[in-house]
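The structure appears below as structure tokens.
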Amino acid sequence: MISKLKKNRTKLNVIALTFVLLVTGVTTSGCIDSEDELMLATTTSTYDSGLLDEIVPHFEEEYDVNVKITAVGTGQALELGKRGDADVLLVHAPDLEEEFVKDGYGEYRYEVMFNEFVIVGPEEDRANIHGLNDTDEAFDRIYDNRSSITFCSRGDDSGTHVKEIELWESAGFDYDDIESQEHADWYKSLGQGMGDTLRDADEMEAYTLTDEGTYISMQDEINSLDIHVRGDEALFNQYGVIPVNSTMHPEVNHEHAEEFAEWIISEEIQEMIGNYTIEGEELFTPNA
Amino acid sequence: MINSEILHVTLLSIFVSVSATLLASSMAVPLGTIMGLRKFRGREVIRTVTYTLYGFPPVVAGLLIYLLLSRQGPLGSLNLLFTPAAMIIAQMVLVFPIITGLTMSSVSEVAKDAKETALTLGANRWQTAKTVLNEARIGVISAIMVGFGRAIAEVGAVIIVGGNIKWHTRVLTTAIVLETRRGNFEYALALGVILLSVALLVFFVLKRYQDKGVKM
């Protein structure tokens, strides 16, 4: 009798488990149906700004398509495009993007918008760079004062890191030397995302290069860091949109990818991008 | 992040990790039992490989599965990339060696006595295996718990093969990464608490089997 009860209970448990799997499976796969899907690969900093959450639903509604957004590093986004795993890219590494299109992986590239990189650092500005709008001079001073300051680098080959390397080289330094062990006591290569890097820089009272959007969105938590350098043309961060080449990858959703590219540079959406704010500050300047 | 999204993310976490653990267990427990019961040539090698795979880096597992499921990869035509199925596969790969290895250890611990007793009582091979498995259930269910724990707490592999896509493949761990990166620490912590609660619930259910045994 008891064993029969136990047997029944096991059966009941199996039923309950099946139920759990069914319920969780069905409720979570509600949107995985045959509806048209567009796979958009973008970078973490773009996604983290919240801009796409704001504008993409308009596209979904207008074109009756479900946009799946994956936010990865710039290099990974381009790789997803090269392999045909994404239909359209929204990234910010102009040189790499042009190469991507030239090599035939992308149909074409439209400029969409830009935002600004800024050099932030501790309030007590020991490198004395506050108010400069010349990044060459700023990096010179940071290097000259290296014995008394710390500089945090993303160190992850992200768009921001690539930009930082450009800036060092433009100021006349050999980046391999900067990131060598010899400079490890002041130049910290973190290998982390922008948010983590800002937080660590805040803890270490260090200088770092950041996009303005992430800095603004995290201002509350990183209160020891101020913006010291901005406005140099070299600090502009240009975004581009690229539909993946459908000749190379016939399985990509080419139609919607092109529609997306045309849509994001349309007047209406450009205006929406320009009006997007975080904590009252505009993040992106549309320039399609 | 809104409430219905948190619910979705939580349910998807449960679905993916419970499925992965069940599927992995359905193969790993029988395999671990056989390896614990029988001595055969190459057993030590398999044992060593299994233990080594405990330390398989999730990101590497994720990358390998990504390359496999990518449109350019050998299984690209299945269109599994960036779906929950891909995440289940990734978690299975990670927990399979753990459940196999721990099952093997606990079975071989009770194997000798239980096997002899069962055989003395005239049990056949299948009945012996069942008896031994029931004797070893505390260890075996612990193995499944550890496997589930690894699955639900895993982030490196599922973020690569799932893509952390809202309403599709975002689970608790990848949502925690996102919210931390965005600076929403409160949300991230709240999601962490939800994850622990889910784990607690599952362990509570499994513990009942540990105490009372499984009747087959």
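Each chain of the structure tokens is named A, B, ... in the order shown, its residues numbered from 1; ligands are numbered from 1 in display order.
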Pick out the chain B residues within 6 Å of chain A. Count only C-alpha atoms. Give them as an MDAnalysis selection string.
chainID B and resid 8 11:12 15 71:72 163 165 181:183
For the residues in that selection, give me C-alpha atoms as a PDB file, in the first residue's frame.
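What landed in part_37.pdb:
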```
ATOM      1  CA  HIS B   8      10.158  35.459 -18.847  1.00  0.00           C
ATOM      2  CA  LEU B  11      11.093  30.814 -16.669  1.00  0.00           C
ATOM      3  CA  LEU B  12      13.523  30.497 -19.543  1.00  0.00           C
ATOM      4  CA  PHE B  15      13.401  25.616 -18.754  1.00  0.00           C
ATOM      5  CA  ARG B  71      25.522  29.063 -40.476  1.00  0.00           C
ATOM      6  CA  GLN B  72      29.046  28.360 -41.709  1.00  0.00           C
ATOM      7  CA  GLY B 163      23.260  35.830 -27.782  1.00  0.00           C
ATOM      8  CA  ILE B 165      18.501  38.244 -26.946  1.00  0.00           C
ATOM      9  CA  ARG B 181      27.345  46.446 -17.324  1.00  0.00           C
ATOM     10  CA  ARG B 182      24.579  49.022 -17.561  1.00  0.00           C
ATOM     11  CA  GLY B 183      25.207  50.046 -13.982  1.00  0.00           C
TER      12      GLY B 183
END
```
Tell me, as a PyMOL selection string, which residues lie within 8 Å of Tyr105 of chain A, counting only C-alpha atoms; anything in the same chain fewer than 4 positions away does not count.
chain A and resi 81-82+100-101+244-245+248
Which neighbours of segment 151-154 of chain B fall inside 8 Å, counting only C-alpha atoms, when residues of the same chain fewer than 5 positions from it are skipped, and could you give them as a list in words?
Ser13, Ile14, Ser17, Ala20, Thr21, Pro58, Gln91, Met92, Leu94, Val95, Thr173, Leu195 and Ala199 of chain B
Just list as a tab-separated table (two decimals) with C-alpha atoms, in the first residue's frame whatever in segment 79-133 of chain B DSSP marks as helix (DSSP H, G or I).
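Written file, selection_11.tsv:
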```tsv
chain	number	residue	atom	x	y	z
B	84	PRO	CA	17.23	28.10	-26.29
B	85	ALA	CA	18.06	24.71	-27.85
B	86	ALA	CA	21.62	25.85	-28.41
B	87	MET	CA	21.83	26.91	-24.77
B	88	ILE	CA	20.52	23.54	-23.62
B	89	ILE	CA	23.18	21.80	-25.69
B	90	ALA	CA	25.90	24.02	-24.22
B	91	GLN	CA	24.82	23.38	-20.65
B	92	MET	CA	24.50	19.64	-21.32
B	93	VAL	CA	28.07	19.52	-22.53
B	94	LEU	CA	29.21	21.25	-19.36
B	95	VAL	CA	27.25	19.21	-16.83
B	96	PHE	CA	27.53	15.80	-18.47
B	97	PRO	CA	31.05	15.04	-17.20
B	98	ILE	CA	30.19	16.29	-13.71
B	99	ILE	CA	27.14	14.07	-13.33
B	100	THR	CA	28.95	11.10	-14.88
B	101	GLY	CA	31.99	11.46	-12.64
B	102	LEU	CA	30.13	12.01	-9.39
B	103	THR	CA	27.70	9.15	-10.16
B	104	MET	CA	30.64	6.90	-10.85
B	105	SER	CA	32.28	7.80	-7.52
B	106	SER	CA	29.20	7.22	-5.42
B	107	VAL	CA	28.25	4.01	-7.21
B	108	SER	CA	31.70	2.50	-6.85
B	109	GLU	CA	31.63	3.33	-3.15
B	110	VAL	CA	28.56	1.20	-2.46
B	111	ALA	CA	29.08	-1.18	-5.35
B	112	LYS	CA	30.87	-4.04	-3.66
B	113	ASP	CA	28.50	-4.66	-0.72
B	114	ALA	CA	25.29	-3.91	-2.52
B	115	LYS	CA	26.25	-5.95	-5.54
B	116	GLU	CA	27.10	-8.99	-3.45
B	117	THR	CA	23.94	-8.73	-1.40
B	118	ALA	CA	21.79	-8.35	-4.45
B	119	LEU	CA	23.43	-11.23	-6.26
B	120	THR	CA	23.15	-13.46	-3.14
B	125	ARG	CA	22.04	-7.73	-13.61
B	126	TRP	CA	19.36	-5.11	-14.17
B	127	GLN	CA	17.96	-5.56	-10.66
B	128	THR	CA	21.48	-5.37	-9.22
B	129	ALA	CA	22.14	-2.10	-11.00
B	130	LYS	CA	18.86	-0.74	-9.67
B	131	THR	CA	19.68	-1.81	-6.12
B	132	VAL	CA	23.15	-0.31	-6.28
B	133	LEU	CA	21.79	2.90	-7.76
```
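Remark: for His58 of chain A, the closest of the candidate residues A:Val88, A:Met272, A:Tyr110, A:Ser246 is A:Met272 (distances computed over only C-alpha atoms).
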Enumerate as JSON, numbers by chain all residues of segment 223-288 of chain A assigned to strand (DSSP E or B) by DSSP on the backbone, naming them with the chain letters and numbers the document uses.
{"A": [225, 226, 227, 228, 229, 236, 237, 238, 239, 240, 241, 242, 243, 244, 277, 278, 281, 282, 285, 286]}
